[in-house]
Amino acid sequence: MGEKITQQGVPFERLKIASFDFTCCEGCQLQLTNRESSLPDFLGLLDVRNFREISSERHDDYDIALIEGSISRPDEVERLLKIRKQAKILVAFGTCACFGGVNNLKNNHSIQNLIDEVYPGMAIETLPVRKISDLVKVDLSIPGCPVDKGEVERVMVSLVTGSRVTLPKYPVCVECKAQLTTCLFELGEICLGPLTRAGCNAICTSGNTPCLGCRGPAEEINMAAFFELVKERGLSLDDLHEKLACYNAFEPFPSHEA
Amino acid sequence: MIYKVISKKEFAGFIDALVQSNRSFGPRQVATDLRGDAIYQFQPVHSVDEIAFDYSATASSAKHFFLPFQEELSHFHFHGNDWEQQISYEANPVVLIGLRACDISALNILDDVLLNGHFPSPGYLARRKNSFVIGMDHLPLADCFCKSMNHHTVTTGFNLFCSDIGDHYYLSINSSKAFSFLREFETRDPNDDDNCMLVERRKVIQNGFQTDIDVTALPTILDIEFDSPVWEKWGNKCLNCGTCAMVCPSCYCYALTESFTTNLKGASREKKLYSCNLVDFAVVAGGHNFRPKNGDRLKYRYYHQHRGFAENASQQICVGCNRCGRACLAGINPKDVINDLRMEKESCMICVSSSPRKI
């Protein structure tokens, strides 16, 4: 632990990393242990200080904190603020952390109604769902439901080597076309591929499932033109709104409804 | 060029023998769209029955067999303080069946750019040399405009080109490889009737075009219209999704990235086909973007396609297949954009109101 990795005469430090889960399914953290072929190499980049899915050891001297999940309870707020104080780089890890994720659908209902429905008669402390950047400064975002392990590897390599961390700026269509997938609009579906940040290798659309935008908006998306084409094709605006709301990833964009 | 005639039955036997013993790709139906029309792509084929010889057009071009969407150009291995670079130009032989004249023209244009310039691309050369291209003519679709671009016929760039003359194919044999393959099958020299049928077939194709784009002096018009509001109008529709360039048979622009392997013991240089419509296409060091607006990016795609760049002697590289127009969700297509530009110029009030006096 903590030893240096030297390549080409340049010493690299392993990343002192910790992974924490909040309101989520822990599926993104599980991805960290996936992709077995490169797992030893990946773990070789890391000095894991706190990560309950792979180790019972707990240390508080981490530099990088991966935050999975959104925030929906008062105790989560406290825990997050404490992590922020320790972490040099705080990473919003996965769609829930970046945008609120599916948990955000909770915010369509009153808190009392939700408690009555899910935990009737129980004393529950719960809050409307918030993404991580609503509460603390986020240094880096890795979106995805779940995150793409290949992308996580690239980000970690960049952090170790001190090179710039980048995500694709263009939408999913680029990766979808490279797989010769039939455009789902041709089949009468609304697909958020033209709006959504690439990097998933079009995993849903190449399996004939419309993109729901888990990776959030690509850069400089044209929401007005997108609404226009959905209308021109006679597709359902309700369906469009539902898809856009699925992960709360397009919240900052006006809806352009006529 | 050597010309032969082959019966369709014998031709099927020839293709079957070819695809059974080679890695082959041909048009296959992959889906049916909302209107009930078949959607085709060049897909792996293992027997002649799998090939849709009566296909209309593939949604994506055959470009990626020569310019993969993504490829590793070189790999670096680190040893202590030293390193070595590993480059592989090997390309497996491939048989491509059913390319249209415009698709082959696009390959000829790519040859011009990637082989005949100052820095020939060895990867492209390996793939081009190791391919066996069989072209097939077809009746133009309603939106094909290859005739406007003069790419509705092709005389070079293929091994074999097949014109449909009823019960037979009229074969244009353009390589010794094709000639020797065909020797095992029954063909005959074309007679007068065959020649007449070929001329007739060409006439039917020639007269079958419903879409015509006036491209005379287009490079000049593009230069004059550099600041035209037409670009903003169409740019406002553009989704920046890059689909047009991905499906295009002649778009060759790419992005290059270099990255460490996860074990830090090596590095990789990767090439990815890119599109000038993508938001960061013209971003340079420091984050400055030379083309921050949709309209600017769209304009440069049209400039490259229809005006050409110095590297290919300022030739238009669009072949008129209209794959971009069909694939664009926003309805942007060369016919409408170019007609709009022409209208813009030809309805110019300044020119109409004050023609220069005759001397």
# chains A, B, ... in the order shown; residues from 1 in each chain; ligands from 1
>>> residues_around(residues="Thr205 of chain A", least_positions_apart="5", cutoff="7 Å", atoms="only C-alpha atoms", output="list in words")
Cys176, Pro210 and Cys211 of chain A
>>> interface_residues(of="chain B", to="chain A", cutoff="6 Å", atoms="only C-alpha atoms", output="list in words")
Asp33, Leu34, Phe69, Gly80, Asn81, Lys237, Leu239, Cys241, Gly242, Thr262, Asn263 and Leu278 of chain B
>>> residues_around(residues="Ala249 of chain A", least_positions_apart="3", cutoff="9 Å", atoms="only C-alpha atoms", output="VMD selection string")
chain A and resid 95 98 to 101 213 to 217 244 to 246 252
>>> residues_around(residues="Gly26 of chain B", least_positions_apart="4", cutoff="9 Å", atoms="only C-alpha atoms", output="PyMOL selection string")
chain B and resi 41-45+50-53+95-99
>>> residues_around(residues="Arg130 of chain A", least_positions_apart="3", cutoff="7 Å", atoms="only C-alpha atoms", output="PyMOL selection string")
chain A and resi 70-72+100+134
>>> write_last_selection(atoms="C-alpha atoms", output="tab-separated table (two decimals), in the first residue's frame")
chain	number	residue	atom	x	y	z
A	70	SER	CA	-28.27	10.85	-4.11
A	71	ILE	CA	-29.03	12.48	-0.76
A	72	SER	CA	-32.43	11.80	0.83
A	100	GLY	CA	-30.46	12.56	-8.62
A	134	ASP	CA	-26.76	20.56	-4.57
>>> residues_around(residues="segment 116-124 of chain B", least_positions_apart="3", cutoff="10 Å", atoms="only C-alpha atoms", output="PDB file with N, CA and C atoms, in the first residue's frame")
ATOM      1  N   PHE B  65     -15.285  -0.598 -43.665  1.00  0.00           N
ATOM      2  CA  PHE B  65     -14.419  -1.742 -43.981  1.00  0.00           C
ATOM      3  C   PHE B  65     -13.001  -1.253 -44.313  1.00  0.00           C
ATOM      4  N   PHE B  66     -12.889   0.004 -44.674  1.00  0.00           N
ATOM      5  CA  PHE B  66     -11.594   0.583 -45.045  1.00  0.00           C
ATOM      6  C   PHE B  66     -11.090   1.569 -43.985  1.00  0.00           C
ATOM      7  N   LEU B  67     -12.035   2.271 -43.370  1.00  0.00           N
ATOM      8  CA  LEU B  67     -11.732   3.204 -42.288  1.00  0.00           C
ATOM      9  C   LEU B  67     -12.598   2.802 -41.101  1.00  0.00           C
ATOM     10  N   PRO B  68     -12.085   1.925 -40.243  1.00  0.00           N
ATOM     11  CA  PRO B  68     -12.914   1.473 -39.119  1.00  0.00           C
ATOM     12  C   PRO B  68     -13.337   2.654 -38.248  1.00  0.00           C
ATOM     13  N   GLU B  71      -9.926   2.370 -34.315  1.00  0.00           N
ATOM     14  CA  GLU B  71      -8.817   1.432 -34.494  1.00  0.00           C
ATOM     15  C   GLU B  71      -7.600   1.895 -33.704  1.00  0.00           C
ATOM     16  N   LEU B  73      -3.888   2.589 -33.745  1.00  0.00           N
ATOM     17  CA  LEU B  73      -2.867   2.816 -34.772  1.00  0.00           C
ATOM     18  C   LEU B  73      -1.525   2.257 -34.335  1.00  0.00           C
ATOM     19  N   ILE B  87       3.538  -1.421 -34.477  1.00  0.00           N
ATOM     20  CA  ILE B  87       2.527  -0.994 -35.456  1.00  0.00           C
ATOM     21  C   ILE B  87       2.191  -2.182 -36.343  1.00  0.00           C
ATOM     22  N   SER B  88       0.925  -2.398 -36.563  1.00  0.00           N
ATOM     23  CA  SER B  88       0.541  -3.512 -37.417  1.00  0.00           C
ATOM     24  C   SER B  88      -0.329  -3.014 -38.572  1.00  0.00           C
ATOM     25  N   TYR B  89       0.099  -3.348 -39.767  1.00  0.00           N
ATOM     26  CA  TYR B  89      -0.683  -2.937 -40.937  1.00  0.00           C
ATOM     27  C   TYR B  89      -1.397  -4.116 -41.575  1.00  0.00           C
ATOM     28  N   GLU B  90      -1.500  -5.185 -40.818  1.00  0.00           N
ATOM     29  CA  GLU B  90      -2.130  -6.360 -41.418  1.00  0.00           C
ATOM     30  C   GLU B  90      -3.630  -6.148 -41.566  1.00  0.00           C
ATOM     31  N   ALA B  91      -4.168  -6.556 -42.713  1.00  0.00           N
ATOM     32  CA  ALA B  91      -5.612  -6.490 -42.913  1.00  0.00           C
ATOM     33  C   ALA B  91      -6.058  -7.831 -43.475  1.00  0.00           C
ATOM     34  N   ILE B 109     -12.550   8.392 -54.158  1.00  0.00           N
ATOM     35  CA  ILE B 109     -12.239   9.700 -53.565  1.00  0.00           C
ATOM     36  C   ILE B 109     -11.353   9.515 -52.331  1.00  0.00           C
ATOM     37  N   LEU B 110     -11.696   8.511 -51.509  1.00  0.00           N
ATOM     38  CA  LEU B 110     -10.856   8.225 -50.333  1.00  0.00           C
ATOM     39  C   LEU B 110      -9.441   7.838 -50.776  1.00  0.00           C
ATOM     40  N   ASP B 111      -9.335   7.091 -51.893  1.00  0.00           N
ATOM     41  CA  ASP B 111      -8.001   6.748 -52.428  1.00  0.00           C
ATOM     42  C   ASP B 111      -7.206   8.023 -52.704  1.00  0.00           C
ATOM     43  N   ASP B 112      -7.905   8.992 -53.308  1.00  0.00           N
ATOM     44  CA  ASP B 112      -7.251  10.261 -53.650  1.00  0.00           C
ATOM     45  C   ASP B 112      -6.696  10.940 -52.406  1.00  0.00           C
ATOM     46  N   VAL B 113      -7.522  10.951 -51.362  1.00  0.00           N
ATOM     47  CA  VAL B 113      -7.139  11.667 -50.141  1.00  0.00           C
ATOM     48  C   VAL B 113      -6.101  10.877 -49.347  1.00  0.00           C
ATOM     49  N   ARG B 127      -6.038  -2.310 -46.225  1.00  0.00           N
ATOM     50  CA  ARG B 127      -7.435  -2.764 -46.317  1.00  0.00           C
ATOM     51  C   ARG B 127      -7.949  -2.673 -47.752  1.00  0.00           C
ATOM     52  N   ARG B 128      -7.560  -1.617 -48.434  1.00  0.00           N
ATOM     53  CA  ARG B 128      -8.034  -1.428 -49.815  1.00  0.00           C
ATOM     54  C   ARG B 128      -7.469  -2.536 -50.703  1.00  0.00           C
ATOM     55  N   LYS B 129      -6.169  -2.843 -50.511  1.00  0.00           N
ATOM     56  CA  LYS B 129      -5.529  -3.864 -51.354  1.00  0.00           C
ATOM     57  C   LYS B 129      -6.078  -5.255 -51.046  1.00  0.00           C
ATOM     58  N   ASN B 130      -6.500  -5.456 -49.805  1.00  0.00           N
ATOM     59  CA  ASN B 130      -6.966  -6.783 -49.405  1.00  0.00           C
ATOM     60  C   ASN B 130      -8.474  -6.939 -49.495  1.00  0.00           C
ATOM     61  N   GLU B 311      -6.270  19.234 -49.906  1.00  0.00           N
ATOM     62  CA  GLU B 311      -5.676  17.902 -49.906  1.00  0.00           C
ATOM     63  C   GLU B 311      -6.283  16.967 -50.956  1.00  0.00           C
ATOM     64  N   ASN B 312      -7.469  17.269 -51.428  1.00  0.00           N
ATOM     65  CA  ASN B 312      -7.975  16.460 -52.536  1.00  0.00           C
ATOM     66  C   ASN B 312      -8.263  17.355 -53.739  1.00  0.00           C
ATOM     67  N   ALA B 313      -7.333  18.275 -53.952  1.00  0.00           N
ATOM     68  CA  ALA B 313      -7.364  19.152 -55.125  1.00  0.00           C
ATOM     69  C   ALA B 313      -8.696  19.896 -55.229  1.00  0.00           C
TER      70      ALA B 313
END
>>> residues_around(residues="Asn277 of chain B", least_positions_apart="5", cutoff="6 Å", atoms="only C-alpha atoms", output="number ranges by chain")
B: 240, 242, 297-298
